[in-house]
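Source file: run.pdb. Holds: PDB, C-alpha atoms and all ligand atoms.
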```
MODEL        1
ATOM      1  CA  MET A   1     -20.225   2.810  -8.164
ATOM      2  CA  TRP A   2     -21.399   5.654 -10.409
ATOM      3  CA  TRP A   3     -18.974   7.501 -12.625
ATOM      4  CA  ILE A   4     -19.759  10.741 -14.420
ATOM      5  CA  GLY A   5     -17.348  11.004 -17.339
ATOM      6  CA  ARG A   6     -15.941  14.165 -18.911
ATOM      7  CA  ASP A   7     -18.671  13.864 -21.522
ATOM      8  CA  GLY A   8     -21.328  13.956 -18.780
ATOM      9  CA  MET A   9     -22.258  10.301 -19.348
ATOM     10  CA  VAL A  10     -22.874   8.111 -16.316
ATOM     11  CA  GLY A  11     -21.408   4.613 -16.212
ATOM     12  CA  GLN A  12     -18.192   2.719 -15.542
ATOM     13  CA  PRO A  13     -14.961   4.762 -15.683
ATOM     14  CA  PRO A  14     -12.863   4.145 -18.810
ATOM     15  CA  ALA A  15      -9.835   1.910 -18.210
ATOM     16  CA  ASP A  16      -7.332   4.766 -18.470
ATOM     17  CA  GLU A  17      -9.038   6.531 -15.571
ATOM     18  CA  TYR A  18      -7.818   3.831 -13.205
ATOM     19  CA  ALA A  19      -4.469   4.408 -11.570
ATOM     20  CA  VAL A  20      -4.311   0.656 -10.978
ATOM     21  CA  ASP A  21      -6.501  -1.861 -12.741
ATOM     22  CA  LEU A  22      -5.909  -5.539 -11.997
ATOM     23  CA  GLU A  23      -8.288  -7.719 -13.955
ATOM     24  CA  GLY A  24      -8.554 -11.433 -13.309
ATOM     25  CA  CYS A  25      -4.998 -11.618 -11.930
ATOM     26  CA  THR A  26      -3.666 -14.988 -10.859
ATOM     27  CA  LYS A  27      -0.125 -15.501  -9.640
ATOM     28  CA  GLU A  28       1.550 -18.869  -9.374
ATOM     29  CA  PHE A  29       5.030 -19.442  -8.005
ATOM     30  CA  THR A  30       7.339 -22.391  -8.470
ATOM     31  CA  THR A  31       8.401 -23.599  -5.045
ATOM     32  CA  PRO A  32      11.951 -24.773  -4.290
ATOM     33  CA  SER A  33      10.695 -28.377  -4.566
ATOM     34  CA  GLY A  34       9.468 -27.660  -8.106
ATOM     35  CA  ASP A  35       5.743 -27.624  -7.274
ATOM     36  CA  THR A  36       3.410 -24.873  -8.401
ATOM     37  CA  TYR A  37       1.907 -22.746  -5.656
ATOM     38  CA  CYS A  38      -1.026 -20.481  -6.473
ATOM     39  CA  ALA A  39      -0.750 -17.383  -4.261
ATOM     40  CA  VAL A  40      -3.712 -15.377  -5.596
ATOM     41  CA  ARG A  41      -6.470 -16.275  -8.019
ATOM     42  CA  ASP A  42      -8.654 -14.118 -10.248
ATOM     43  CA  ILE A  43      -8.052 -10.839  -8.425
ATOM     44  CA  ASN A  44      -9.945  -7.764  -9.587
ATOM     45  CA  LEU A  45      -8.724  -4.532  -8.031
ATOM     46  CA  LYS A  46      -9.471  -1.139  -9.491
ATOM     47  CA  VAL A  47      -8.169   2.020  -7.896
ATOM     48  CA  ARG A  48      -9.034   5.448  -9.226
ATOM     49  CA  PRO A  49      -6.713   8.467  -8.818
ATOM     50  CA  GLY A  50      -7.187  10.107  -5.446
ATOM     51  CA  ARG A  51      -8.548   6.960  -3.786
ATOM     52  CA  PHE A  52      -7.059   5.401  -0.693
ATOM     53  CA  VAL A  53      -7.566   1.640  -0.789
ATOM     54  CA  SER A  54      -6.316  -0.768   1.867
ATOM     55  CA  VAL A  55      -5.836  -4.476   1.336
ATOM     56  CA  VAL A  56      -6.188  -6.619   4.446
ATOM     57  CA  GLY A  57      -5.982 -10.373   4.773
ATOM     58  CA  PRO A  58      -4.512 -13.187   6.829
ATOM     59  CA  THR A  59      -0.832 -13.945   6.654
ATOM     60  CA  GLY A  60       0.156 -15.456   3.300
ATOM     61  CA  SER A  61      -3.041 -14.324   1.568
ATOM     62  CA  GLY A  62      -1.117 -12.581  -1.196
ATOM     63  CA  LYS A  63      -1.233  -8.929  -0.145
ATOM     64  CA  SER A  64       2.388  -8.245  -1.081
ATOM     65  CA  THR A  65       2.005 -10.298  -4.246
ATOM     66  CA  ILE A  66      -0.813  -8.006  -5.397
ATOM     67  CA  LEU A  67       1.220  -4.913  -4.565
ATOM     68  CA  ASN A  68       4.185  -6.308  -6.466
ATOM     69  CA  ILE A  69       2.004  -6.927  -9.511
ATOM     70  CA  ALA A  70       0.756  -3.303  -9.362
ATOM     71  CA  ALA A  71       4.388  -2.141  -9.021
ATOM     72  CA  GLY A  72       5.434  -4.204 -12.028
ATOM     73  CA  LEU A  73       7.883  -6.217  -9.916
ATOM     74  CA  LEU A  74       5.902  -9.406 -10.600
ATOM     75  CA  ALA A  75       4.017 -10.336 -13.763
ATOM     76  CA  PRO A  76       0.678 -12.099 -13.281
ATOM     77  CA  THR A  77       0.513 -15.693 -14.473
ATOM     78  CA  ALA A  78      -2.951 -14.951 -15.854
ATOM     79  CA  GLY A  79      -5.003 -11.773 -16.144
ATOM     80  CA  THR A  80      -3.922  -8.206 -16.840
ATOM     81  CA  ALA A  81      -2.349  -5.406 -14.848
ATOM     82  CA  GLN A  82      -2.847  -1.885 -16.168
ATOM     83  CA  SER A  83      -1.961   1.566 -14.900
ATOM     84  CA  PHE A  84      -3.659   4.594 -16.465
ATOM     85  CA  GLY A  85      -4.747   2.491 -19.405
ATOM     86  CA  GLU A  86      -1.306   1.027 -20.123
ATOM     87  CA  GLN A  87      -0.160  -2.511 -19.542
ATOM     88  CA  VAL A  88       2.250  -2.674 -16.596
ATOM     89  CA  SER A  89       5.396  -4.264 -17.980
ATOM     90  CA  GLY A  90       8.563  -3.757 -16.016
ATOM     91  CA  VAL A  91       8.643  -1.304 -13.134
ATOM     92  CA  ASN A  92       5.548   0.909 -12.972
ATOM     93  CA  ARG A  93       7.027   4.404 -13.387
ATOM     94  CA  ARG A  94       3.816   6.075 -12.193
ATOM     95  CA  ALA A  95       4.226   4.470  -8.758
ATOM     96  CA  ALA A  96       6.474   4.822  -5.715
ATOM     97  CA  TYR A  97       6.901   1.967  -3.266
ATOM     98  CA  MET A  98       7.202   2.168   0.508
ATOM     99  CA  PHE A  99       8.105  -0.977   2.410
ATOM    100  CA  GLN A 100       7.904  -2.060   6.031
ATOM    101  CA  GLN A 101      11.672  -1.629   6.217
ATOM    102  CA  ASP A 102      12.664   1.732   4.824
ATOM    103  CA  ALA A 103      15.253   1.828   2.077
ATOM    104  CA  LEU A 104      17.448   4.615   3.440
ATOM    105  CA  LEU A 105      21.110   4.418   2.486
ATOM    106  CA  PRO A 106      23.067   4.460   5.762
ATOM    107  CA  TRP A 107      26.076   6.275   4.322
ATOM    108  CA  LYS A 108      24.013   9.180   2.988
ATOM    109  CA  THR A 109      22.541  12.045   4.998
ATOM    110  CA  VAL A 110      18.783  12.557   5.225
ATOM    111  CA  ILE A 111      18.809  15.255   2.551
ATOM    112  CA  ASP A 112      20.953  13.164   0.208
ATOM    113  CA  ASN A 113      18.668  10.159   0.693
ATOM    114  CA  VAL A 114      15.616  12.268  -0.135
ATOM    115  CA  SER A 115      17.161  14.065  -3.130
ATOM    116  CA  LEU A 116      18.598  10.863  -4.630
ATOM    117  CA  ALA A 117      15.589  10.027  -6.814
ATOM    118  CA  LEU A 118      15.776  13.457  -8.420
ATOM    119  CA  THR A 119      19.533  13.423  -9.032
ATOM    120  CA  LEU A 120      19.226   9.936 -10.555
ATOM    121  CA  ALA A 121      16.533  11.372 -12.836
ATOM    122  CA  GLY A 122      19.001  14.026 -14.028
ATOM    123  CA  VAL A 123      17.929  16.992 -11.884
ATOM    124  CA  SER A 124      20.888  19.193 -10.883
ATOM    125  CA  LYS A 125      22.234  18.591  -7.390
ATOM    126  CA  ALA A 126      21.340  22.133  -6.260
ATOM    127  CA  ASP A 127      17.726  21.866  -7.479
ATOM    128  CA  ALA A 128      17.351  18.358  -6.059
ATOM    129  CA  ARG A 129      18.610  19.513  -2.647
ATOM    130  CA  ALA A 130      16.291  22.526  -2.676
ATOM    131  CA  GLU A 131      13.302  20.302  -3.436
ATOM    132  CA  ALA A 132      14.421  17.773  -0.825
ATOM    133  CA  LEU A 133      14.579  20.556   1.737
ATOM    134  CA  ASN A 134      10.981  21.533   0.823
ATOM    135  CA  TRP A 135       9.907  17.980   1.478
ATOM    136  CA  LEU A 136      11.853  17.722   4.707
ATOM    137  CA  ALA A 137      10.076  20.888   5.885
ATOM    138  CA  LYS A 138       6.707  19.315   5.003
ATOM    139  CA  VAL A 139       7.442  16.234   7.073
ATOM    140  CA  GLY A 140       8.945  18.221   9.970
ATOM    141  CA  LEU A 141      12.580  17.226   9.407
ATOM    142  CA  LYS A 142      14.109  20.445   8.110
ATOM    143  CA  ASP A 143      16.476  20.640  11.070
ATOM    144  CA  PHE A 144      17.629  17.052  10.591
ATOM    145  CA  ALA A 145      18.706  17.309   6.948
ATOM    146  CA  ASP A 146      22.361  16.604   7.705
ATOM    147  CA  ARG A 147      21.813  13.660  10.041
ATOM    148  CA  TYR A 148      22.507  10.081   9.027
ATOM    149  CA  PRO A 149      19.713   7.463   9.187
ATOM    150  CA  HIS A 150      21.131   5.781  12.299
ATOM    151  CA  GLN A 151      20.821   9.121  14.127
ATOM    152  CA  LEU A 152      17.033   9.208  13.603
ATOM    153  CA  SER A 153      14.124   7.792  15.605
ATOM    154  CA  GLY A 154      11.795   5.237  13.973
ATOM    155  CA  GLY A 155       9.199   7.938  13.250
ATOM    156  CA  MET A 156      11.834  10.229  11.738
ATOM    157  CA  ARG A 157      13.045   7.429   9.475
ATOM    158  CA  LYS A 158       9.452   6.941   8.293
ATOM    159  CA  ARG A 159       9.101  10.668   7.626
ATOM    160  CA  THR A 160      12.301  10.525   5.589
ATOM    161  CA  ALA A 161      10.963   7.530   3.678
ATOM    162  CA  ILE A 162       7.696   9.385   2.986
ATOM    163  CA  ALA A 163       9.633  12.398   1.658
ATOM    164  CA  GLN A 164      11.727   9.986  -0.425
ATOM    165  CA  ALA A 165       8.607   8.400  -1.925
ATOM    166  CA  TRP A 166       6.763  11.668  -2.571
ATOM    167  CA  ILE A 167       9.569  13.812  -3.956
ATOM    168  CA  GLY A 168       9.264  12.271  -7.422
ATOM    169  CA  ASN A 169       5.543  13.205  -7.423
ATOM    170  CA  PRO A 170       4.276   9.702  -8.252
ATOM    171  CA  ASP A 171       0.621   9.254  -9.199
ATOM    172  CA  ILE A 172       0.431   6.069  -7.151
ATOM    173  CA  LEU A 173       1.791   5.154  -3.724
ATOM    174  CA  LEU A 174       2.178   1.482  -2.994
ATOM    175  CA  MET A 175       2.672   1.004   0.743
ATOM    176  CA  ASP A 176       3.452  -2.399   2.222
ATOM    177  CA  GLU A 177       2.882  -2.258   5.988
ATOM    178  CA  PRO A 178       4.893   0.966   6.190
ATOM    179  CA  PHE A 179       4.163   1.689   9.860
ATOM    180  CA  SER A 180       3.984  -1.793  11.338
ATOM    181  CA  ALA A 181       7.389  -1.551  13.025
ATOM    182  CA  LEU A 182       6.453   1.609  14.940
ATOM    183  CA  ASP A 183       5.061   1.877  18.463
ATOM    184  CA  VAL A 184       1.314   2.582  18.651
ATOM    185  CA  GLN A 185       1.553   6.307  19.405
ATOM    186  CA  THR A 186       4.153   7.072  16.733
ATOM    187  CA  ARG A 187       2.177   4.986  14.309
ATOM    188  CA  GLN A 188      -0.999   7.015  14.811
ATOM    189  CA  ILE A 189       0.931  10.266  14.414
ATOM    190  CA  MET A 190       2.465   8.964  11.171
ATOM    191  CA  GLU A 191      -0.953   7.831   9.905
ATOM    192  CA  ASN A 192      -2.319  11.328  10.548
ATOM    193  CA  GLU A 193       0.611  12.917   8.738
ATOM    194  CA  LEU A 194       0.205  10.583   5.795
ATOM    195  CA  LEU A 195      -3.491  11.468   5.500
ATOM    196  CA  THR A 196      -2.747  15.191   5.641
ATOM    197  CA  LEU A 197      -0.247  14.883   2.790
ATOM    198  CA  TRP A 198      -2.483  12.583   0.789
ATOM    199  CA  GLN A 199      -5.539  14.840   1.096
ATOM    200  CA  GLU A 200      -3.616  17.655  -0.575
ATOM    201  CA  SER A 201      -2.755  15.370  -3.486
ATOM    202  CA  ALA A 202      -4.656  13.400  -6.088
ATOM    203  CA  LYS A 203      -2.568  10.302  -5.512
ATOM    204  CA  ALA A 204      -3.955   6.810  -5.531
ATOM    205  CA  VAL A 205      -2.777   4.770  -2.565
ATOM    206  CA  ILE A 206      -2.766   1.011  -2.126
ATOM    207  CA  PHE A 207      -1.968   0.322   1.501
ATOM    208  CA  ILE A 208      -1.231  -3.161   2.782
ATOM    209  CA  THR A 209      -1.757  -3.829   6.459
ATOM    210  CA  HIS A 210      -2.546  -6.576   8.946
ATOM    211  CA  ASP A 211      -4.290  -4.026  11.107
ATOM    212  CA  LEU A 212      -7.993  -3.623  10.357
ATOM    213  CA  ASP A 213      -8.234  -0.517  12.586
ATOM    214  CA  GLU A 214      -5.549   1.174  10.536
ATOM    215  CA  ALA A 215      -7.180   0.141   7.250
ATOM    216  CA  ILE A 216     -10.598   1.515   8.201
ATOM    217  CA  ALA A 217      -9.212   4.706   9.724
ATOM    218  CA  LEU A 218      -7.189   5.612   6.628
ATOM    219  CA  SER A 219      -9.179   4.349   3.675
ATOM    220  CA  ASP A 220     -11.963   5.045   1.234
ATOM    221  CA  GLU A 221     -12.216   1.332   0.585
ATOM    222  CA  VAL A 222     -11.059  -1.796   2.384
ATOM    223  CA  VAL A 223     -10.503  -4.962   0.355
ATOM    224  CA  ILE A 224     -10.397  -8.284   2.201
ATOM    225  CA  LEU A 225      -8.397 -11.211   0.846
ATOM    226  CA  GLY A 226      -9.346 -14.752   1.781
ATOM    227  CA  ALA A 227      -7.177 -17.554   3.077
ATOM    228  CA  GLY A 228      -4.623 -19.082   0.696
ATOM    229  CA  PRO A 229      -3.687 -20.919  -1.367
ATOM    230  CA  GLY A 230      -5.399 -19.291  -4.319
ATOM    231  CA  SER A 231      -6.612 -16.297  -2.302
ATOM    232  CA  THR A 232      -9.419 -14.279  -3.795
ATOM    233  CA  VAL A 233     -11.109 -11.016  -2.841
ATOM    234  CA  VAL A 234     -13.827 -12.036  -0.380
ATOM    235  CA  GLY A 235     -15.122  -8.586   0.484
ATOM    236  CA  THR A 236     -14.912  -4.929  -0.537
ATOM    237  CA  TYR A 237     -16.143  -2.305   1.893
ATOM    238  CA  GLU A 238     -16.750   1.379   1.206
ATOM    239  CA  ILE A 239     -15.568   3.479   4.165
ATOM    240  CA  THR A 240     -17.840   6.483   4.345
ATOM    241  CA  LEU A 241     -16.374   8.086   7.466
ATOM    242  CA  PRO A 242     -16.204  11.844   6.843
ATOM    243  CA  ARG A 243     -12.901  13.524   6.002
ATOM    244  CA  PRO A 244     -10.735  15.109   7.208
ATOM    245  CA  ARG A 245     -10.285  12.431   9.845
ATOM    246  CA  ASP A 246      -8.443  12.750  13.102
ATOM    247  CA  LEU A 247      -6.912   9.343  13.565
ATOM    248  CA  LEU A 248      -6.192   9.963  17.220
ATOM    249  CA  GLU A 249      -9.962  10.169  17.843
ATOM    250  CA  ILE A 250     -11.597   8.155  15.077
ATOM    251  CA  ARG A 251     -11.473   4.741  16.715
ATOM    252  CA  ASP A 252     -14.087   5.875  19.249
ATOM    253  CA  ASP A 253     -16.512   6.991  16.521
ATOM    254  CA  LEU A 254     -19.698   4.882  16.495
ATOM    255  CA  GLN A 255     -19.652   4.518  12.703
ATOM    256  CA  PHE A 256     -16.060   3.289  12.949
ATOM    257  CA  VAL A 257     -17.014   0.726  15.582
ATOM    258  CA  GLU A 258     -19.893  -0.531  13.418
ATOM    259  CA  LEU A 259     -17.710  -0.813  10.308
ATOM    260  CA  HIS A 260     -15.053  -2.615  12.295
ATOM    261  CA  ARG A 261     -17.579  -5.121  13.613
ATOM    262  CA  GLU A 262     -18.929  -5.812  10.129
ATOM    263  CA  ILE A 263     -15.560  -6.183   8.383
ATOM    264  CA  TRP A 264     -13.921  -8.125  11.211
ATOM    265  CA  GLY A 265     -16.849 -10.570  11.034
ATOM    266  CA  ARG A 266     -15.698 -11.429   7.494
ATOM    267  CA  LEU A 267     -11.973 -11.241   8.071
ATOM    268  CA  ARG A 268     -12.118 -13.428  11.180
ATOM    269  CA  VAL A 269     -13.456 -16.330   9.107
ATOM    270  CA  GLU A 270     -10.461 -16.096   6.780
ATOM    271  CA  VAL A 271      -7.966 -15.763   9.634
ATOM    272  CA  SER A 272      -9.423 -18.921  11.239
ATOM    273  CA  ARG A 273      -9.269 -20.784   7.924
ATOM    274  CA  THR A 274      -5.616 -19.796   7.552
ATOM    275  CA  TYR A 275      -4.770 -21.204  10.977
ATOM    276  CA  GLU A 276      -6.748 -24.386  10.280
ATOM    277  CA  ASN A 277      -4.975 -24.848   6.925
ATOM    278  CA  SER A 278      -1.546 -24.320   8.478
ATOM    279  CA  ALA A 279      -2.357 -26.693  11.328
ATOM    280  CA  VAL A 280      -3.361 -29.365   8.796
ATOM    281  CA  ALA A 281      -0.292 -28.694   6.633
ATOM    282  CA  GLY A 282       1.972 -28.771   9.678
ATOM    283  CA  GLY A 283       0.155 -31.679  11.301
ATOM    284  CA  GLY A 284      -0.431 -29.500  14.352
ATOM    285  CA  ALA A 285      -3.394 -29.169  16.693
TER
HETATM  286  N1  LIG B 301       8.773 -16.099  -4.777
HETATM  287  C1  LIG B 301       7.927 -16.940  -4.199
HETATM  288  N2  LIG B 301       8.054 -18.274  -4.394
HETATM  289  C2  LIG B 301       7.194 -19.154  -3.832
HETATM  290  N3  LIG B 301       6.136 -18.775  -3.054
HETATM  291  C3  LIG B 301       5.976 -17.464  -2.834
HETATM  292  C4  LIG B 301       6.849 -16.468  -3.388
HETATM  293  N4  LIG B 301       6.426 -15.249  -2.989
HETATM  294  C5  LIG B 301       5.334 -15.465  -2.220
HETATM  295  N5  LIG B 301       5.067 -16.775  -2.130
HETATM  296  C6  LIG B 301       3.951 -17.393  -1.398
HETATM  297  O1  LIG B 301       2.747 -16.771  -1.837
HETATM  298  C7  LIG B 301       1.876 -16.581  -0.733
HETATM  299  C8  LIG B 301       1.496 -15.122  -0.646
HETATM  300  O2  LIG B 301       2.641 -14.386  -0.223
HETATM  301  P1  LIG B 301       2.550 -12.829   0.121
HETATM  302  O3  LIG B 301       3.864 -12.417   0.654
HETATM  303  O4  LIG B 301       2.028 -12.093  -1.049
HETATM  304  O5  LIG B 301       1.437 -12.827   1.277
HETATM  305  P2  LIG B 301       1.085 -11.694   2.324
HETATM  306  O6  LIG B 301      -0.395 -11.689   2.461
HETATM  307  O7  LIG B 301       1.725 -10.419   1.942
HETATM  308  O8  LIG B 301       1.769 -12.302   3.631
HETATM  309  P3  LIG B 301       2.154 -11.634   5.033
HETATM  310  O9  LIG B 301       0.900 -11.015   5.559
HETATM  311  O10 LIG B 301       2.606 -12.770   5.861
HETATM  312  O11 LIG B 301       3.221 -10.617   4.752
HETATM  313  C9  LIG B 301       2.603 -17.104   0.503
HETATM  314  O12 LIG B 301       2.159 -18.410   0.780
HETATM  315  C10 LIG B 301       4.054 -17.102   0.096
HETATM  316  O13 LIG B 301       4.774 -18.127   0.760
ENDMDL
END
```
Take the structure in this file and express it as structure tokens.
Ligand SMILES: Nc1ncnc2c1ncn2[C@@H]1O[C@H](COP(=O)(O)OP(=O)(O)OP(=O)(O)O)[C@@H](O)[C@H]1O
Amino acid sequence: MWWIGRDGMVGQPPADEYAVDLEGCTKEFTTPSGDTYCAVRDINLKVRPGRFVSVVGPTGSGKSTILNIAAGLLAPTAGTAQSFGEQVSGVNRRAAYMFQQDALLPWKTVIDNVSLALTLAGVSKADARAEALNWLAKVGLKDFADRYPHQLSGGMRKRTAIAQAWIGNPDILLMDEPFSALDVQTRQIMENELLTLWQESAKAVIFITHDLDEAIALSDEVVILGAGPGSTVVGTYEITLPRPRDLLEIRDDLQFVELHREIWGRLRVEVSRTYENSAVAGGGA
């Protein structure tokens, strides 16, 4: 990929231009029986600001492990993890994390959940609530500010979680299957809303999903991880579908169908290998 630097030179971007830069990352875990298990091996993943990159792979291929390394929640056993030119050590303060299960506090109202990050950072309660209300308006929840999480639908909870993640204005969003628990229709609406917010920002996104459709529809780049143990990147695909994208329509687009066919051809091999490996390990069919 070409990069035109501030000095007008063409070449590779300098390291500090990457929001996330994983170089040769390997992660080994010690299993309960004391063995060493290599989850991912020699992973290179570079994400520039403003890029939307999805990571797809079979179950157990190390998608969450990679996200956790980028978040600073896990240190690589070998290789380096950098964010904007700095070594990630401890929690990556430039990033916000959104999980499959949202992290809403059940005893706090929607507005208090959303404003919490700001009050913890020392912002006055009044200012934090005003900013939270701005965000709730952006995600269509202004009239639900005083509800408690259990009084919300699944989609509303996700909108609250998005407001919670964005209110601190992180440079990087790390999203681990954030919409996988939603029904198909709500999920597509949430994907559209996420893209609308993201397009207005310069945030880098790393989005983990099992769903290749979702990855292609949302992303600038789809990275495929191979079967474990020792998963590696087995494919990187540039998604050149024009933006803005309407995710309610895009799956019928011919270019989408072609990309899906090509990427699924590669992913399918790894999914099959995963099942074969687990059948051997489990002594199954
Ligand atoms: N703390 C740990 N100790 C031992 N093994 C671990 C640990 N965390 C993850 N693993 C193993 O590392 C591998 C990769 O796990 P990871 O959760 O990153 O995969 P994944 O691709 O996100 O999986 P899934 O798609 O099922 O969510 C798995 O085999 C998992 O069992």
Practice prompt. Evaluate the PyMOL selection byres (((chain A and resi 195-197) around 10) and not hetatm) here and jot the selected residues down as a list in words.
Written response: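 Taken over the shown coordinates, the PyMOL selection byres (((chain A and resi 195-197) around 10) and not hetatm) returns Phe52, Lys138, Val139, Ile162, Trp166, Met190, Glu191, Asn192, Glu193, Leu194, Trp198, Gln199, Glu200, Ser201, Lys203, Ala217, Leu218, Ser219, Arg243, Pro244, Arg245, Asp246 and Leu247 of chain A.
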Select from chain A every residue with an atom at most 8 Å from any atom of ligand LIG 301 (chain B), then for each give the shortest pair of atoms and their distance in Å to one decimal, using all atoms listed in the file, rows by chain and rising number, as a tab-separated table.
```
residue	atom	partner	partner_atom	distance
A:Glu28	CA	B:LIG301	N3	7.8
A:Phe29	CA	B:LIG301	C2	4.7
A:Thr30	CA	B:LIG301	C2	5.7
A:Thr31	CA	B:LIG301	C2	4.8
A:Pro32	CA	B:LIG301	C2	7.4
A:Tyr37	CA	B:LIG301	N3	6.4
A:Cys38	CA	B:LIG301	O1	7.0
A:Ala39	CA	B:LIG301	O1	4.3
A:Val40	CA	B:LIG301	C8	7.2
A:Val56	CA	B:LIG301	O6	8.0
A:Gly57	CA	B:LIG301	O6	6.2
A:Pro58	CA	B:LIG301	O9	6.0
A:Thr59	CA	B:LIG301	O9	3.6
A:Gly60	CA	B:LIG301	O5	3.6
A:Ser61	CA	B:LIG301	O6	3.8
A:Gly62	CA	B:LIG301	O4	3.2
A:Lys63	CA	B:LIG301	O6	3.9
A:Ser64	CA	B:LIG301	O7	3.8
A:Thr65	CA	B:LIG301	O4	3.7
A:Ile66	CA	B:LIG301	O4	6.6
A:Ile208	CA	B:LIG301	O7	7.9
A:Thr209	CA	B:LIG301	O9	7.7
A:His210	CA	B:LIG301	O9	6.6
A:Gly228	CA	B:LIG301	O12	6.8
A:Pro229	CA	B:LIG301	O12	6.7
```
Using C-alpha atoms, can you export the residues from the last selection as a tab-separated table (two decimals), keeping the file's coordinate frame?
```tsv
chain	number	residue	atom	x	y	z
A	28	GLU	CA	1.55	-18.87	-9.37
A	29	PHE	CA	5.03	-19.44	-8.01
A	30	THR	CA	7.34	-22.39	-8.47
A	31	THR	CA	8.40	-23.60	-5.04
A	32	PRO	CA	11.95	-24.77	-4.29
A	37	TYR	CA	1.91	-22.75	-5.66
A	38	CYS	CA	-1.03	-20.48	-6.47
A	39	ALA	CA	-0.75	-17.38	-4.26
A	40	VAL	CA	-3.71	-15.38	-5.60
A	56	VAL	CA	-6.19	-6.62	4.45
A	57	GLY	CA	-5.98	-10.37	4.77
A	58	PRO	CA	-4.51	-13.19	6.83
A	59	THR	CA	-0.83	-13.94	6.65
A	60	GLY	CA	0.16	-15.46	3.30
A	61	SER	CA	-3.04	-14.32	1.57
A	62	GLY	CA	-1.12	-12.58	-1.20
A	63	LYS	CA	-1.23	-8.93	-0.14
A	64	SER	CA	2.39	-8.24	-1.08
A	65	THR	CA	2.00	-10.30	-4.25
A	66	ILE	CA	-0.81	-8.01	-5.40
A	208	ILE	CA	-1.23	-3.16	2.78
A	209	THR	CA	-1.76	-3.83	6.46
A	210	HIS	CA	-2.55	-6.58	8.95
A	228	GLY	CA	-4.62	-19.08	0.70
A	229	PRO	CA	-3.69	-20.92	-1.37
```
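We find CA of Ala96 in chain A and CA of Tyr18 in chain A to be spaced 16.2 Å apart.
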Worksheet item: Can you list, as an MDAnalysis selection string, every protein, DNA or RNA residue that comes within 12 Å of Tyr97 in chain A when you count only C-alpha atoms, leaving out same-chain residues fewer than 5 positions away?
Response: chainID A and resid 64 67:73 91:92 102:103 161:166 168 170:178 205:208
Written file, previous selection with C-alpha atoms, as a PDB file, in the coordinates of the input:
```pdb
ATOM      1  CA  SER A  64       2.388  -8.245  -1.081  1.00  0.00           C
ATOM      2  CA  LEU A  67       1.220  -4.913  -4.565  1.00  0.00           C
ATOM      3  CA  ASN A  68       4.185  -6.308  -6.466  1.00  0.00           C
ATOM      4  CA  ILE A  69       2.004  -6.927  -9.511  1.00  0.00           C
ATOM      5  CA  ALA A  70       0.756  -3.303  -9.362  1.00  0.00           C
ATOM      6  CA  ALA A  71       4.388  -2.141  -9.021  1.00  0.00           C
ATOM      7  CA  GLY A  72       5.434  -4.204 -12.028  1.00  0.00           C
ATOM      8  CA  LEU A  73       7.883  -6.217  -9.916  1.00  0.00           C
ATOM      9  CA  VAL A  91       8.643  -1.304 -13.134  1.00  0.00           C
ATOM     10  CA  ASN A  92       5.548   0.909 -12.972  1.00  0.00           C
ATOM     11  CA  ASP A 102      12.664   1.732   4.824  1.00  0.00           C
ATOM     12  CA  ALA A 103      15.253   1.828   2.077  1.00  0.00           C
ATOM     13  CA  ALA A 161      10.963   7.530   3.678  1.00  0.00           C
ATOM     14  CA  ILE A 162       7.696   9.385   2.986  1.00  0.00           C
ATOM     15  CA  ALA A 163       9.633  12.398   1.658  1.00  0.00           C
ATOM     16  CA  GLN A 164      11.727   9.986  -0.425  1.00  0.00           C
ATOM     17  CA  ALA A 165       8.607   8.400  -1.925  1.00  0.00           C
ATOM     18  CA  TRP A 166       6.763  11.668  -2.571  1.00  0.00           C
ATOM     19  CA  GLY A 168       9.264  12.271  -7.422  1.00  0.00           C
ATOM     20  CA  PRO A 170       4.276   9.702  -8.252  1.00  0.00           C
ATOM     21  CA  ASP A 171       0.621   9.254  -9.199  1.00  0.00           C
ATOM     22  CA  ILE A 172       0.431   6.069  -7.151  1.00  0.00           C
ATOM     23  CA  LEU A 173       1.791   5.154  -3.724  1.00  0.00           C
ATOM     24  CA  LEU A 174       2.178   1.482  -2.994  1.00  0.00           C
ATOM     25  CA  MET A 175       2.672   1.004   0.743  1.00  0.00           C
ATOM     26  CA  ASP A 176       3.452  -2.399   2.222  1.00  0.00           C
ATOM     27  CA  GLU A 177       2.882  -2.258   5.988  1.00  0.00           C
ATOM     28  CA  PRO A 178       4.893   0.966   6.190  1.00  0.00           C
ATOM     29  CA  VAL A 205      -2.777   4.770  -2.565  1.00  0.00           C
ATOM     30  CA  ILE A 206      -2.766   1.011  -2.126  1.00  0.00           C
ATOM     31  CA  PHE A 207      -1.968   0.322   1.501  1.00  0.00           C
ATOM     32  CA  ILE A 208      -1.231  -3.161   2.782  1.00  0.00           C
TER      33      ILE A 208
END
```
Fill in: Residues within 12 Å of Lys108 in chain A, only C-alpha atoms, excluding chain neighbours under 5 positions, as a PyMOL selection string
chain A and resi 103+113-116+145-151
